[in-house]
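Student: Here you go, this is final_15.csv (CSV, C-alpha atoms).
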chain,number,residue,atom,x,y,z
G,1,MET,CA,-13.8,-32.3,7.6
G,2,SER,CA,-10.7,-30.1,8.0
G,3,LEU,CA,-13.0,-27.0,7.9
G,4,LEU,CA,-15.0,-28.4,10.8
G,5,ILE,CA,-11.9,-28.9,12.9
G,6,MET,CA,-10.9,-25.4,12.1
G,7,GLN,CA,-14.3,-24.1,13.0
G,8,ILE,CA,-14.2,-25.8,16.4
G,9,PHE,CA,-10.7,-24.6,17.0
G,10,ILE,CA,-11.6,-21.0,16.3
G,11,ILE,CA,-14.8,-21.1,18.3
G,12,ALA,CA,-12.9,-22.5,21.3
G,13,ILE,CA,-10.3,-19.7,21.0
G,14,CYS,CA,-13.0,-17.1,20.8
G,15,LEU,CA,-14.8,-18.5,23.9
G,16,ILE,CA,-11.6,-18.5,25.9
G,17,PHE,CA,-10.9,-15.0,24.8
G,18,LEU,CA,-14.4,-13.9,25.7
G,19,VAL,CA,-14.1,-15.5,29.2
G,20,TYR,CA,-10.7,-13.9,29.7
G,21,ILE,CA,-12.0,-10.4,28.8
G,22,VAL,CA,-14.9,-10.8,31.2
G,23,TYR,CA,-12.5,-12.0,33.9
G,24,LEU,CA,-10.2,-8.9,33.4
G,25,VAL,CA,-13.2,-6.6,33.7
G,26,LYS,CA,-14.4,-8.4,36.8
G,27,ARG,CA,-10.9,-8.2,38.4
G,28,LYS,CA,-10.9,-4.4,37.4
G,29,LYS,CA,-7.8,-4.8,35.3
G,30,LEU,CA,-9.7,-3.6,32.3
G,31,LEU,CA,-12.3,-0.9,32.2
G,32,LEU,CA,-15.7,-1.9,30.9
G,33,LYS,CA,-15.7,0.8,28.3
G,34,TYR,CA,-12.4,-0.4,26.8
G,35,SER,CA,-13.6,-4.0,26.9
G,36,LEU,CA,-16.5,-3.6,24.6
G,37,LEU,CA,-14.4,-3.5,21.5
G,38,TRP,CA,-12.6,-6.7,22.4
G,39,LEU,CA,-15.8,-8.4,23.4
G,40,ALA,CA,-17.3,-7.4,20.0
G,41,LEU,CA,-14.2,-8.8,18.3
G,42,SER,CA,-14.5,-12.2,19.9
G,43,VAL,CA,-18.3,-12.4,19.3
G,44,VAL,CA,-17.9,-11.5,15.6
G,45,ALA,CA,-15.0,-13.9,15.1
G,46,GLY,CA,-17.0,-16.7,16.8
G,47,LEU,CA,-20.0,-16.0,14.6
G,48,CYS,CA,-17.9,-16.1,11.5
G,49,ALA,CA,-16.5,-19.5,12.6
G,50,LEU,CA,-20.0,-20.8,13.3
G,51,PHE,CA,-21.5,-19.6,10.0
G,52,PRO,CA,-18.6,-19.2,7.5
G,53,GLY,CA,-20.9,-19.0,4.5
G,54,PRO,CA,-21.5,-15.2,4.4
G,55,LEU,CA,-17.8,-14.6,5.0
G,56,PHE,CA,-16.8,-16.6,1.9
G,57,SER,CA,-19.4,-14.9,-0.3
G,58,LEU,CA,-18.5,-11.5,0.9
G,59,ALA,CA,-14.8,-12.2,0.2
G,60,VAL,CA,-15.7,-13.2,-3.4
G,61,LEU,CA,-18.0,-10.2,-3.8
G,62,LEU,CA,-15.2,-7.8,-2.8
G,63,GLY,CA,-12.8,-9.5,-5.2
G,64,PHE,CA,-10.5,-11.2,-2.7
G,65,GLU,CA,-8.9,-14.3,-4.1
G,66,THR,CA,-9.1,-16.3,-0.9
G,67,ALA,CA,-11.2,-15.8,2.2
G,68,SER,CA,-8.1,-15.8,4.3
G,69,ASN,CA,-6.8,-12.7,2.6
G,70,PHE,CA,-10.0,-11.0,3.4
G,71,ILE,CA,-9.8,-12.0,7.0
G,72,PHE,CA,-6.2,-10.7,7.2
G,73,VAL,CA,-7.2,-7.3,5.8
G,74,ILE,CA,-10.1,-7.0,8.2
G,75,GLY,CA,-7.9,-7.9,11.1
G,76,PHE,CA,-5.2,-5.4,10.0
G,77,PHE,CA,-7.6,-2.5,9.9
G,78,PHE,CA,-9.2,-3.6,13.1
G,79,LEU,CA,-5.8,-3.5,14.8
G,80,LEU,CA,-5.0,-0.1,13.3
G,81,ALA,CA,-8.3,1.3,14.7
G,82,ILE,CA,-7.4,-0.1,18.1
G,83,CYS,CA,-3.9,1.5,18.0
G,84,LEU,CA,-5.4,4.8,17.0
G,85,SER,CA,-7.9,4.7,19.9
G,86,LEU,CA,-5.0,3.9,22.2
G,87,SER,CA,-3.2,7.0,21.0
G,88,VAL,CA,-6.3,9.0,21.7
G,89,ILE,CA,-6.5,7.6,25.2
G,90,ALA,CA,-2.8,8.3,25.8
G,91,SER,CA,-3.2,11.9,24.7
G,92,ARG,CA,-6.2,12.5,26.9
G,93,GLN,CA,-4.3,11.1,29.9
G,94,THR,CA,-1.3,13.3,29.1
G,95,GLU,CA,-3.7,16.3,29.3
G,96,TYR,CA,-5.2,15.0,32.6
G,97,ILE,CA,-1.7,14.5,34.1
G,98,LYS,CA,-0.5,17.9,33.0
G,99,THR,CA,-3.5,19.6,34.7
G,100,LEU,CA,-2.9,17.4,37.8
G,101,VAL,CA,0.8,18.3,38.1
G,102,GLN,CA,0.0,22.0,37.6
G,103,ASP,CA,-2.8,22.1,40.1
G,104,LEU,CA,-0.8,20.1,42.7
G,105,ALA,CA,2.1,22.5,42.3
G,106,LEU,CA,-0.1,25.6,42.6
G,107,LEU,CA,-1.8,24.1,45.7
G,108,ARG,CA,1.5,23.3,47.4
G,109,GLN,CA,2.7,26.8,46.7
G,110,SER,CA,-0.4,28.4,48.1
G,111,LYS,CA,-0.2,26.3,51.2
G,112,GLU,CA,3.4,27.4,51.8
G,113,ASP,CA,2.3,31.0,51.3
G,114,THR,CA,-0.3,30.7,54.0
G,115,THR,CA,2.1,29.2,56.5
G,116,LYS,CA,4.5,32.1,55.8
G,117,ASP,CA,1.8,34.7,56.2
G,118,SER,CA,0.8,33.2,59.6
G,119,GLY,CA,4.1,34.7,60.8
G,120,SER,CA,5.9,31.5,61.9
G,121,SER,CA,8.9,32.2,59.6
G,122,PRO,CA,10.1,35.7,59.0
G,123,GLU,CA,11.2,36.6,55.4
W,1,MET,CA,-1.5,47.8,37.4
W,2,ARG,CA,-0.4,44.6,39.2
W,3,VAL,CA,2.3,42.9,37.3
W,4,LEU,CA,3.7,39.4,37.7
W,5,LEU,CA,6.9,38.0,36.0
W,6,ILE,CA,6.7,34.4,35.1
W,7,ILE,CA,10.1,32.7,34.9
W,8,PRO,CA,10.0,29.1,33.6
W,9,ALA,CA,13.1,27.3,34.7
W,10,PHE,CA,14.4,23.9,33.7
W,11,ASN,CA,17.8,23.0,35.0
W,12,GLU,CA,18.7,26.7,35.4
W,13,GLU,CA,20.8,26.4,38.7
W,14,LYS,CA,23.5,28.6,37.2
W,15,ASN,CA,21.3,31.4,36.0
W,16,ILE,CA,18.2,31.6,38.1
W,17,VAL,CA,19.7,33.6,41.1
W,18,SER,CA,21.1,36.4,38.9
W,19,VAL,CA,17.9,36.6,36.9
W,20,VAL,CA,15.8,36.9,40.1
W,21,ARG,CA,18.2,39.4,41.6
W,22,GLN,CA,17.7,41.7,38.6
W,23,ILE,CA,14.0,41.4,38.9
W,24,ARG,CA,14.0,42.0,42.7
W,25,GLU,CA,16.1,45.2,42.2
W,26,GLN,CA,13.4,46.5,39.9
W,27,GLY,CA,10.7,45.6,42.5
W,28,TYR,CA,8.5,43.4,40.3
W,29,ASP,CA,6.5,40.5,41.6
W,30,TYR,CA,7.7,37.3,40.1
W,31,VAL,CA,7.2,33.6,40.3
W,32,VAL,CA,9.7,30.9,39.2
W,33,ILE,CA,8.2,27.8,37.7
W,34,ASN,CA,10.6,25.0,38.3
W,35,ASP,CA,9.7,22.5,35.6
W,36,GLY,CA,10.8,19.3,37.3
W,37,SER,CA,14.5,20.3,37.1
W,38,LYS,CA,17.0,17.5,37.6
W,39,ASP,CA,19.7,19.8,38.9
W,40,ARG,CA,19.6,21.9,42.2
W,41,THR,CA,17.2,24.6,40.9
W,42,GLN,CA,14.7,23.7,43.6
W,43,GLU,CA,17.2,23.8,46.5
W,44,ILE,CA,18.8,27.0,45.2
W,45,CYS,CA,15.4,28.7,45.0
W,46,ARG,CA,14.7,27.6,48.6
W,47,GLU,CA,18.1,28.8,49.9
W,48,HIS,CA,17.6,32.2,48.3
W,49,ASN,CA,14.0,32.5,49.4
W,50,ILE,CA,12.8,32.7,45.8
W,51,ASN,CA,9.1,32.5,45.2
W,52,VAL,CA,8.9,29.2,43.3
W,53,ILE,CA,6.3,26.7,42.1
W,54,ASN,CA,7.8,23.3,41.8
W,55,LEU,CA,6.2,21.0,39.2
W,56,SER,CA,6.6,17.4,40.2
W,57,SER,CA,7.5,16.3,36.7
W,58,ASN,CA,8.8,17.9,33.6
W,59,LEU,CA,5.8,19.3,31.6
W,60,GLY,CA,7.8,21.2,29.0
W,61,ILE,CA,7.9,24.9,28.4
W,62,GLY,CA,4.2,25.2,27.6
W,63,GLY,CA,3.0,23.4,30.7
W,64,ALA,CA,5.3,25.5,32.8
W,65,VAL,CA,4.3,28.8,31.4
W,66,GLN,CA,0.6,27.8,31.6
W,67,THR,CA,1.1,27.2,35.3
W,68,GLY,CA,2.3,30.7,35.6
W,69,HIS,CA,-0.7,32.0,33.8
W,70,LYS,CA,-3.0,30.1,36.1
W,71,TYR,CA,-1.1,31.5,39.1
W,72,ALA,CA,-1.3,35.1,37.8
W,73,PHE,CA,-5.0,34.7,36.9
W,74,SER,CA,-6.1,33.3,40.2
W,75,ASN,CA,-4.0,35.8,42.1
W,76,ASN,CA,-5.7,38.7,40.2
W,77,TYR,CA,-2.7,40.1,38.5
W,78,ASP,CA,-3.6,42.5,35.7
W,79,VAL,CA,-0.6,41.6,33.5
W,80,ASP,CA,1.8,38.7,33.5
W,81,ILE,CA,5.1,38.7,31.6
W,82,GLN,CA,6.8,35.5,30.5
W,83,ILE,CA,10.6,35.8,30.7
W,84,ASP,CA,13.2,33.2,30.2
W,85,GLY,CA,15.1,31.8,33.2
W,86,ASP,CA,18.4,31.8,31.4
W,87,GLY,CA,19.1,35.5,31.3
W,88,GLN,CA,18.5,36.1,27.6
W,89,HIS,CA,15.8,38.7,28.3
W,90,ASP,CA,16.4,42.2,29.5
W,91,ILE,CA,13.8,43.4,31.9
W,92,SER,CA,14.4,47.0,31.1
W,93,PHE,CA,12.0,46.6,28.2
W,94,ILE,CA,9.1,45.7,30.5
W,95,PRO,CA,7.8,49.3,30.9
W,96,ALA,CA,7.4,49.7,27.2
W,97,MET,CA,5.4,46.4,27.1
W,98,LEU,CA,3.2,47.5,30.0
W,99,THR,CA,2.4,50.7,28.1
W,100,GLU,CA,1.0,48.7,25.2
W,101,ILE,CA,-1.1,46.6,27.5
W,102,ALA,CA,-2.4,49.7,29.1
W,103,ASN,CA,-3.3,51.0,25.6
W,104,GLY,CA,-5.5,48.0,25.1
W,105,ALA,CA,-3.3,45.2,23.7
W,106,ASP,CA,-4.1,41.6,24.9
W,107,LEU,CA,-0.7,40.3,24.2
W,108,VAL,CA,2.6,42.2,23.7
W,109,ILE,CA,5.5,40.5,22.2
W,110,GLY,CA,9.1,41.6,22.7
W,111,SER,CA,10.5,41.4,19.1
W,112,ARG,CA,14.1,41.2,18.0
W,113,PHE,CA,13.2,42.0,14.4
W,114,LEU,CA,11.4,45.3,14.3
W,115,GLU,CA,13.4,48.0,12.5
W,116,ASN,CA,14.7,49.6,15.6
W,117,SER,CA,15.5,46.3,17.5
W,118,GLN,CA,19.1,45.6,18.2
W,119,GLY,CA,21.3,43.0,19.8
W,120,PHE,CA,21.4,39.2,19.5
W,121,LYS,CA,19.2,38.0,16.6
W,122,SER,CA,19.6,34.3,16.6
W,123,SER,CA,21.4,32.2,13.9
W,124,PHE,CA,20.7,32.4,10.2
W,125,MET,CA,18.7,29.2,10.0
W,126,ARG,CA,16.7,30.2,13.0
W,127,ARG,CA,15.8,33.4,11.3
W,128,VAL,CA,14.7,31.6,8.2
W,129,GLY,CA,12.3,29.6,10.3
W,130,ILE,CA,11.0,32.6,12.1
W,131,LYS,CA,10.4,34.3,8.7
W,132,TRP,CA,8.4,31.3,7.6
W,133,LEU,CA,6.2,31.3,10.7
W,134,SER,CA,5.8,35.0,10.5
W,135,GLY,CA,4.7,34.7,6.8
W,136,LEU,CA,2.2,32.0,7.8
W,137,ILE,CA,0.6,34.2,10.4
W,138,ARG,CA,0.4,37.1,7.9
W,139,MET,CA,-1.2,34.8,5.3
W,140,LEU,CA,-3.8,33.5,7.8
W,141,TYR,CA,-4.7,36.7,9.6
W,142,LYS,CA,-3.2,39.5,7.6
W,143,LYS,CA,-1.3,40.5,10.7
W,144,LYS,CA,2.4,41.3,10.9
W,145,ILE,CA,4.2,39.5,13.7
W,146,THR,CA,7.9,39.9,13.2
W,147,ASP,CA,9.0,37.6,16.0
W,148,PRO,CA,6.4,34.8,16.6
W,149,THR,CA,8.9,32.6,18.6
W,150,SER,CA,9.9,35.3,21.1
W,151,GLY,CA,9.6,34.0,24.6
W,152,LEU,CA,9.4,37.5,26.1
W,153,ARG,CA,5.7,38.2,26.2
W,154,ALA,CA,3.2,40.2,28.2
W,155,SER,CA,-0.4,39.0,28.6
W,156,GLY,CA,-3.3,41.1,29.7
W,157,ARG,CA,-6.3,39.8,31.6
W,158,ARG,CA,-8.1,38.4,28.5
W,159,SER,CA,-5.3,36.4,27.1
W,160,MET,CA,-4.2,35.3,30.5
W,161,GLU,CA,-7.6,33.8,31.1
W,162,TYR,CA,-7.6,32.1,27.8
W,163,PHE,CA,-4.0,30.8,28.3
W,164,SER,CA,-5.0,29.5,31.8
W,165,SER,CA,-7.2,26.9,30.2
W,166,ASN,CA,-5.7,26.5,26.7
W,167,TYR,CA,-2.0,26.5,26.1
W,168,PRO,CA,0.0,24.3,23.8
W,169,THR,CA,2.6,22.0,25.3
W,170,ASP,CA,5.7,21.8,23.2
W,171,TYR,CA,6.7,25.0,21.4
W,172,PRO,CA,3.8,27.1,22.3
W,173,GLU,CA,4.5,30.6,21.2
W,174,PRO,CA,3.5,30.7,17.5
W,175,GLU,CA,0.5,28.5,18.0
W,176,SER,CA,-0.8,30.6,20.9
W,177,ILE,CA,-0.5,33.7,18.7
W,178,VAL,CA,-2.8,32.1,16.1
W,179,ALA,CA,-5.2,31.1,18.8
W,180,LEU,CA,-5.5,34.7,20.1
W,181,LEU,CA,-5.8,36.2,16.6
W,182,LYS,CA,-8.5,33.8,15.8
W,183,ARG,CA,-10.4,35.0,18.9
W,184,LYS,CA,-9.9,38.6,17.7
W,185,MET,CA,-7.5,39.6,20.4
W,186,GLU,CA,-5.1,42.5,19.9
W,187,ILE,CA,-1.4,41.6,19.6
W,188,ARG,CA,1.3,44.2,19.4
W,189,GLU,CA,5.1,44.1,19.3
W,190,VAL,CA,7.7,46.3,20.9
W,191,PRO,CA,11.4,46.3,19.9
W,192,VAL,CA,13.6,44.5,22.4
W,193,GLN,CA,17.2,43.5,22.6
W,194,MET,CA,18.1,40.0,23.6
W,195,LYS,CA,21.4,38.7,24.9
W,196,ALA,CA,23.1,35.4,24.0
W,197,ARG,CA,22.5,32.9,26.9
W,198,PHE,CA,24.8,33.1,30.0
W,199,GLU,CA,25.0,29.4,30.6
W,200,GLY,CA,23.6,26.1,29.3
W,201,LYS,CA,22.0,25.1,26.0
W,202,SER,CA,19.0,26.4,24.3
W,203,SER,CA,16.0,24.0,24.3
W,204,ILE,CA,15.8,23.9,20.5
W,205,THR,CA,18.5,21.7,18.8
W,206,ILE,CA,19.5,21.8,15.1
W,207,THR,CA,18.4,18.2,14.5
W,208,GLY,CA,15.1,18.9,16.1
W,209,SER,CA,14.4,22.1,14.2
W,210,VAL,CA,12.9,20.5,11.0
W,211,TYR,CA,10.6,18.4,13.2
W,212,TYR,CA,9.8,21.6,15.1
W,213,MET,CA,8.9,23.6,12.0
W,214,ILE,CA,6.6,20.8,10.7
W,215,LYS,CA,4.9,20.4,14.0
W,216,VAL,CA,4.4,24.1,14.7
W,217,THR,CA,3.2,24.7,11.1
W,218,LEU,CA,0.7,21.9,11.4
W,219,ALA,CA,-0.4,23.0,14.8
W,220,MET,CA,-1.0,26.6,13.6
W,221,LEU,CA,-2.9,25.4,10.6
W,222,ILE,CA,-5.1,23.1,12.6
W,223,GLU,CA,-5.7,25.9,15.1
W,224,ALA,CA,-6.6,28.4,12.4
W,225,PHE,CA,-9.0,26.2,10.5
W,226,SER,CA,-10.8,24.4,13.3
W,227,ARG,CA,-14.0,25.9,14.5
W,228,PRO,CA,-13.5,27.6,17.8
W,229,ALA,CA,-14.8,25.3,20.6
W,230,LYS,CA,-17.3,27.5,22.4
W,231,LYS,CA,-17.0,27.2,26.2
W,232,ARG,CA,-15.8,23.6,26.1
W,233,LYS,CA,-16.1,22.1,29.5
W,234,LYS,CA,-12.8,20.8,30.9
Show me this structure written as C-alpha cells.
Tutor:
Amino acid sequence: MSLLIMQIFIIAICLIFLVYIVYLVKRKKLLLKYSLLWLALSVVAGLCALFPGPLFSLAVLLGFETASNFIFVIGFFFLLAICLSLSVIASRQTEYIKTLVQDLALLRQSKEDTTKDSGSSPE
Amino acid sequence: MRVLLIIPAFNEEKNIVSVVRQIREQGYDYVVINDGSKDRTQEICREHNINVINLSSNLGIGGAVQTGHKYAFSNNYDVDIQIDGDGQHDISFIPAMLTEIANGADLVIGSRFLENSQGFKSSFMRRVGIKWLSGLIRMLYKKKITDPTSGLRASGRRSMEYFSSNYPTDYPEPESIVALLKRKMEIREVPVQMKARFEGKSSITITGSVYYMIKVTLAMLIEAFSRPAKKRKK
C-alpha cells in the first residue's frame, strides 16, 4: 500500500515538473535544446514510478543493497553530467562574448578613424 | 615593411603616456588596447590623442593582444609587435626583431636569457618556472626557446593571421608558441634587455604562480597532443 502511495506521489511530481519545463520553454525562459535533458529526466522518472519492477531487478543485478541507493547513484551522476554540460555552455559563451567585445571595440575604433579622416577634427 | 606596435594596457594611467611618447619619437605605428581599465587610462589616451582601442570589459592579456592582432591583420600590417604598456620593454630592440622577420621568421621573441642578453632577468622562482616551460617545449618539439614567457614578440603575417582567430586567454605566450611550432612555423629569438617596471604591479602574483604553472603546462600539453583542427569554422 505504501508503495502505491509513493508511486502516485512521484508520478504527480514528475507531471508537475514536466508541465513546468514546457511552460518555461513556451515563455522562452528556457531554450528548447536545453530543455530536452530535463524532459527526458521527468519522463524516465515517471516511467520508473509507474513500473518499478525493472528498477528493482536492475538494482539487485548490479549489486546494490537497496533500490534507493541505486536511484541516488544514478541521480548523482545525472547531476554531474548536467553540471559539466553547464560548464561547457559557460565556456562557449565566454568565447562568444570575447569575440563580441573585441569586434565591438575594433568597429568603434574604425568608426572614429573615418570621422577623423573626413577632416572635421584636425590632429 | 609596415610595422604596428601593439600595447595592451590594463590600469596603466601612470605609464602609458611615456611608453607612447618613446614610440612616437621612433616613428612607429602603434595601437594601445585598453583592456577595460578601471583607472583613467581611457581619458588619458583621449587627452593625449593616443590611438586607442577601448575594450568594454576586461578580457585579460590574451584577449587584449588578440584584438591587436586582429587590428594589425585587417589593416594589412606586415609585422605586429606586442610590447608591454608598463615600460618594461625597450623599443630599441625592435630593428633586430624586424630583421629576423624579414629573414623568414614567423614569430620573433625578445629573450632575456640568451647568452648575450643583459639587464633585468626576473626573480629566481620566476626563472625556475621559465626553465620548466622552456624544457617542456624542447621536449615536445626539440626547439630551444629560452624565454617562452616573454611579452615582447614580433609576429609576421602568418602567425598574425593564426593569432587573429586562435589565441589563448589567460597566460597566452607559452601556449601560443606550442601552437605555432605544431603548425611548423618558424620561431626565433633575439637577445633583449628588460627593465624592472616603472609603476604598478606585475600581473602574475606569487600565490597564483603554482596555479599558473599547472594551467600553462596543461594547456601546452593539450595543444601539443590534440589533432590540429583543420579550418574549423568560427
Student: What's around region 102-106 of chain G at 8 Å? Count only C-alpha atoms, leave out sequence neighbours fewer than 6 positions away in its own chain, and write the answer as number ranges by chain.
Tutor: W: 53-56, 63-64, 67, 71
Student: Using all atoms listed in the file, determine which residues of chain W fall within 12 Å of chain G; present them as a PyMOL selection string.
Tutor: chain W and resi 31-36+46-75+164-169+234
Student: Quote the spacing between CA of Gly104 (chain W) and CA of Lys131 (chain W) in Å to one decimal place.
Tutor: 26.6 Å
Student: Taking (10.0, 34.3, 21.5) in the file's coordinates, which residues come within 8 Å, counting only C-alpha atoms, written as a VMD selection string?
Tutor: chain W and resid 109 to 111 147 to 153 173
Student: Show me, as a VMD selection string, the residues that have an atom within 12 Å of Phe225 (chain W) when counting all atoms listed in the file, minus same-chain residues fewer than 3 positions from it.
Tutor: chain W and resid 140 to 141 178 to 179 182 218 to 222 228 to 229
Student: Kindly indicate which residue among G:Val25, G:Ala12, G:Phe51, G:Leu18 lies nearest to Leu39 (chain G), using all atoms listed in the file for the distances.
Tutor: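 Ranking G:Val25, G:Ala12, G:Phe51, G:Leu18 by distance to Leu39 (chain G), first place goes to G:Leu18.
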Student: Give me, as number ranges by chain, all polymer residues having an atom no more than 12 Å from Val17 (chain W), counting all atoms listed in the file and skipping those fewer than 2 positions away in the same chain.
Tutor: W: 7, 9, 12-15, 19-24, 32, 40-52, 85-87
Student: Keeping C-alpha atoms, export the residues of the selection given above as a CSV table (one decimal), in the frame of the given file.
Tutor:
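The resulting file, part_22.csv, is shown below:
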chain,number,residue,atom,x,y,z
W,7,ILE,CA,10.1,32.7,34.9
W,9,ALA,CA,13.1,27.3,34.7
W,12,GLU,CA,18.7,26.7,35.4
W,13,GLU,CA,20.8,26.4,38.7
W,14,LYS,CA,23.5,28.6,37.2
W,15,ASN,CA,21.3,31.4,36.0
W,19,VAL,CA,17.9,36.6,36.9
W,20,VAL,CA,15.8,36.9,40.1
W,21,ARG,CA,18.2,39.4,41.6
W,22,GLN,CA,17.7,41.7,38.6
W,23,ILE,CA,14.0,41.4,38.9
W,24,ARG,CA,14.0,42.0,42.7
W,32,VAL,CA,9.7,30.9,39.2
W,40,ARG,CA,19.6,21.9,42.2
W,41,THR,CA,17.2,24.6,40.9
W,42,GLN,CA,14.7,23.7,43.6
W,43,GLU,CA,17.2,23.8,46.5
W,44,ILE,CA,18.8,27.0,45.2
W,45,CYS,CA,15.4,28.7,45.0
W,46,ARG,CA,14.7,27.6,48.6
W,47,GLU,CA,18.1,28.8,49.9
W,48,HIS,CA,17.6,32.2,48.3
W,49,ASN,CA,14.0,32.5,49.4
W,50,ILE,CA,12.8,32.7,45.8
W,51,ASN,CA,9.1,32.5,45.2
W,52,VAL,CA,8.9,29.2,43.3
W,85,GLY,CA,15.1,31.8,33.2
W,86,ASP,CA,18.4,31.8,31.4
W,87,GLY,CA,19.1,35.5,31.3
